[in-house]
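Have a look at the structure below, then the notes.
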Amino acid sequence: MTLTELSFGEPDSTPAIGETNADRAYEIVRERLVMLDIRPGDPINDDRLAAELGFGRTPVREALKRLERDRLVVAYPRRGTFAAAVDMTDLADISEIRKQLEPTAAARAARVATPDTRARLTALAQAIAGIEDTDDPHEVLRHDVHVHREIYRATGNPHLEQILVSLDAHATRIWCLFLDRLPGVAGHVREHIELLDAVVVGDEAKAAALTLAHVTGFEAAIRALL
């Protein structure tokens, strides 16, 4: 399996079982907002999005309502909907929660992941090893997001997964804002190889410790630029 195949990117044209057009519109627009492909403050036109995505206006509007609850978009009466600003004052609050929950998720994944999930995480670790320092940092960061989401999913706890996906989305928006000034992004993502290996072999303590170090390192790297 290649790194491209493992990238979360935008969903392909084949919907998952039970997935609605609103679900797919939500996923696609969320990734654009998270990676700042839609820049903070940009207007979001639901008619234009519906035409672009090939969905009706209703699914897109439902998706935008979910994204507003996620604090990724802001809707103003008579003005429209806009991509939410990246608020740097959120960094401490986000980091405080992630330092508690990310290690918990990694340890739980190491404990309960299914054999199929462990095989997928092994393939993901092998693919990440192929990341080069000269790769596009924006694309490299997509793989960071993908690793986090795979570990959240491996916990088998949808409530924990939902909380962490939301927190990681806001953390990634902060990261993207400073991406052109952050050195060693590829190395940051390659740190996940050891973490994934710990989850695969069921080493809960190591998985938790590596995750805490990763989250702490993220906050320190951002603060160094402020």
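Here, A, B, ... name the chains of the structure tokens in the order displayed, residue numbers run from 1 inside each chain, and ligands are numbered from 1 in the same displayed order.
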
Exercise: A:Thr104 partners within 10 Å, only C-alpha atoms, chain neighbours under 5 positions left out, as number ranges by chain = A: 98-99, 109-110, 152, 155, 160, 204-205, 207-209, 211-212

key: Picked from chain A by DSSP as alpha helix (DSSP H), as a VMD selection string   = chain A and resid 3 to 6 21 to 34 46 to 53 57 to 69 90 to 112 115 to 128 137 to 154 158 to 177 185 to 190 192 to 201 204 to 223

inquiry  = So that I can see what lies close to A:Val189, please list as an MDAnalysis selection string the residues with an atom at most 10 Å from it, counting only C-alpha atoms and leaving out residues fewer than 2 positions away in the same chain.
reply    = chainID A and resid 128:129 131 140:145 147 184:187 191:193 214

query = For A:Ser166, which residue among A:Ala63, A:Ala50, A:Ile97, A:Leu226 is the nearest when counting only C-alpha atoms?
reply =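 Smallest distance to A:Ser166 is found for A:Ile97.
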
List as JSON lines every residue of stretch 142-173 of chain A that is in contact with stretch 89-94 of chain A, defined as an atom at most 12 Å from one of its atoms (using only C-alpha atoms), together with the nearest atom pair and the distance in Å rounded to one decimal, sorted by chain and then rising number.
```
{"residue": "A:Ile163", "atom": "CA", "partner": "A:Ile94", "partner_atom": "CA", "distance": 11.1}
{"residue": "A:Leu164", "atom": "CA", "partner": "A:Ile94", "partner_atom": "CA", "distance": 10.1}
{"residue": "A:Val165", "atom": "CA", "partner": "A:Ile94", "partner_atom": "CA", "distance": 11.8}
{"residue": "A:Ser166", "atom": "CA", "partner": "A:Ile94", "partner_atom": "CA", "distance": 10.0}
{"residue": "A:Leu167", "atom": "CA", "partner": "A:Ile94", "partner_atom": "CA", "distance": 6.4}
{"residue": "A:Asp168", "atom": "CA", "partner": "A:Ile94", "partner_atom": "CA", "distance": 8.5}
{"residue": "A:Ala169", "atom": "CA", "partner": "A:Ile94", "partner_atom": "CA", "distance": 10.3}
{"residue": "A:His170", "atom": "CA", "partner": "A:Ile94", "partner_atom": "CA", "distance": 7.9}
{"residue": "A:Ala171", "atom": "CA", "partner": "A:Ile94", "partner_atom": "CA", "distance": 7.1}
{"residue": "A:Thr172", "atom": "CA", "partner": "A:Leu91", "partner_atom": "CA", "distance": 10.7}
{"residue": "A:Arg173", "atom": "CA", "partner": "A:Leu91", "partner_atom": "CA", "distance": 10.6}
```

key: Which of stretch 3-225 of chain A fall in strand (DSSP E or B), as a ChimeraX atom specification   = /A:43-44,73-76,80-83

Would you write out those residues with N, CA, C and O atoms, as a short mmCIF file (atom, residue, chain, number, x, y, z; two decimals), in the first residue's frame?
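File produced: again07.cif:
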```cif
data_model
loop_
_atom_site.label_atom_id
_atom_site.label_comp_id
_atom_site.auth_asym_id
_atom_site.auth_seq_id
_atom_site.Cartn_x
_atom_site.Cartn_y
_atom_site.Cartn_z
N PRO A 43 -15.54 33.47 2.17
CA PRO A 43 -16.98 33.19 2.09
C PRO A 43 -17.22 31.80 1.52
O PRO A 43 -16.44 31.32 0.69
N ILE A 44 -18.28 31.17 1.97
CA ILE A 44 -18.64 29.84 1.48
C ILE A 44 -20.04 29.93 0.90
O ILE A 44 -21.02 30.15 1.62
N VAL A 73 -16.94 26.84 10.62
CA VAL A 73 -17.53 27.93 9.83
C VAL A 73 -18.37 28.79 10.76
O VAL A 73 -18.78 28.35 11.85
N VAL A 74 -18.62 30.01 10.31
CA VAL A 74 -19.45 30.95 11.06
C VAL A 74 -20.51 31.49 10.11
O VAL A 74 -20.19 31.91 8.99
N ALA A 75 -21.77 31.46 10.54
CA ALA A 75 -22.87 31.96 9.72
C ALA A 75 -23.39 33.26 10.33
O ALA A 75 -23.64 33.32 11.55
N TYR A 76 -23.54 34.27 9.48
CA TYR A 76 -24.07 35.55 9.92
C TYR A 76 -25.38 35.83 9.18
O TYR A 76 -25.43 35.69 7.95
N GLY A 80 -24.11 35.70 5.22
CA GLY A 80 -23.67 34.44 4.64
C GLY A 80 -22.80 33.65 5.60
O GLY A 80 -22.69 33.96 6.79
N THR A 81 -22.16 32.63 5.04
CA THR A 81 -21.33 31.72 5.82
C THR A 81 -19.87 31.90 5.43
O THR A 81 -19.54 32.04 4.25
N PHE A 82 -18.99 31.87 6.44
CA PHE A 82 -17.56 32.12 6.22
C PHE A 82 -16.73 31.08 6.97
O PHE A 82 -17.15 30.56 8.01
N ALA A 83 -15.55 30.78 6.44
CA ALA A 83 -14.62 29.92 7.15
C ALA A 83 -14.20 30.60 8.45
O ALA A 83 -13.89 31.79 8.46
#
```

task = Select, from A:Ala123, A:Leu195, A:Leu49, A:Leu177, the residue with the minimum atom-to-atom distance to A:Leu36, counting only C-alpha atoms.
result =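 Ranked by minimum distance to A:Leu36, first place goes to A:Leu177.
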
Test item: residues at most 12 Å from A:Ala221, only C-alpha atoms, excluding those fewer than 3 positions along its chain, as a PyMOL selection string = chain A and resi 91+174-175+178-179+181-185+188+213-218+224-226

Take the residues from that selection and write them out as a tab-separated table (two decimals), in the first residue's frame, keeping N, CA and C atoms.
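result_3.tsv was written with the following content:
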```tsv
chain	number	residue	atom	x	y	z
A	91	LEU	N	-4.95	27.73	21.42
A	91	LEU	CA	-3.87	26.75	21.45
A	91	LEU	C	-3.72	26.11	22.83
A	174	ILE	N	-4.17	25.42	13.05
A	174	ILE	CA	-3.09	26.25	13.61
A	174	ILE	C	-1.77	25.87	12.96
A	175	TRP	N	-1.52	24.57	12.83
A	175	TRP	CA	-0.28	24.08	12.22
A	175	TRP	C	-0.15	24.62	10.79
A	178	PHE	N	1.14	28.14	10.18
A	178	PHE	CA	2.57	28.39	10.35
A	178	PHE	C	3.43	27.45	9.52
A	179	LEU	N	2.81	26.72	8.60
A	179	LEU	CA	3.49	25.63	7.91
A	179	LEU	C	4.75	26.09	7.18
A	181	ARG	N	6.77	28.26	8.01
A	181	ARG	CA	7.83	28.68	8.95
A	181	ARG	C	8.27	27.55	9.86
A	182	LEU	N	7.62	26.39	9.74
A	182	LEU	CA	7.94	25.27	10.63
A	182	LEU	C	8.96	24.36	9.98
A	183	PRO	N	10.10	24.15	10.60
A	183	PRO	CA	11.10	23.22	10.04
A	183	PRO	C	10.76	21.78	10.42
A	184	GLY	N	11.23	20.86	9.60
A	184	GLY	CA	11.17	19.45	9.97
A	184	GLY	C	9.78	18.85	10.03
A	185	VAL	N	8.87	19.30	9.17
A	185	VAL	CA	7.52	18.74	9.19
A	185	VAL	C	7.54	17.25	8.87
A	188	HIS	N	8.54	15.34	11.85
A	188	HIS	CA	7.44	15.34	12.81
A	188	HIS	C	6.47	14.21	12.49
A	213	ALA	N	4.39	13.01	24.05
A	213	ALA	CA	5.56	13.74	23.56
A	213	ALA	C	5.26	14.44	22.24
A	214	HIS	N	4.49	13.79	21.38
A	214	HIS	CA	4.15	14.35	20.08
A	214	HIS	C	3.26	15.59	20.24
A	215	VAL	N	2.25	15.48	21.07
A	215	VAL	CA	1.34	16.61	21.28
A	215	VAL	C	2.06	17.77	21.95
A	216	THR	N	2.90	17.47	22.93
A	216	THR	CA	3.67	18.50	23.61
A	216	THR	C	4.64	19.18	22.65
A	217	GLY	N	5.25	18.39	21.78
A	217	GLY	CA	6.17	18.94	20.79
A	217	GLY	C	5.48	19.86	19.81
A	218	PHE	N	4.24	19.51	19.44
A	218	PHE	CA	3.47	20.37	18.54
A	218	PHE	C	3.25	21.74	19.18
A	224	ALA	N	7.12	28.58	19.78
A	224	ALA	CA	8.44	29.12	19.44
A	224	ALA	C	8.35	30.15	18.33
A	225	LEU	N	7.24	30.13	17.58
A	225	LEU	CA	7.09	31.07	16.47
A	225	LEU	C	6.23	32.27	16.82
A	226	LEU	N	5.65	32.26	18.01
A	226	LEU	CA	4.76	33.35	18.40
A	226	LEU	C	5.53	34.55	18.96
```

request  = Figure out the distance between atom CA of A:Lys65 and atom CA of A:Arg30, please, to one decimal in Å.
outcome  =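 A separation of 11.6 Å between them.
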
Atom pair atom CA of A:Arg108 / atom CA of A:Arg190: separation (Å) = 21.4 Å

Contacts of A:Leu53 at 10 Å (only C-alpha atoms; same-chain gap of 6+ positions) as a PyMOL selection string = chain A and resi 21+24-25+28-29+60

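Closest approach to A:Cys176 among A:Arg48, A:His138, A:Arg153, A:His148: A:His138, based on only C-alpha atoms.
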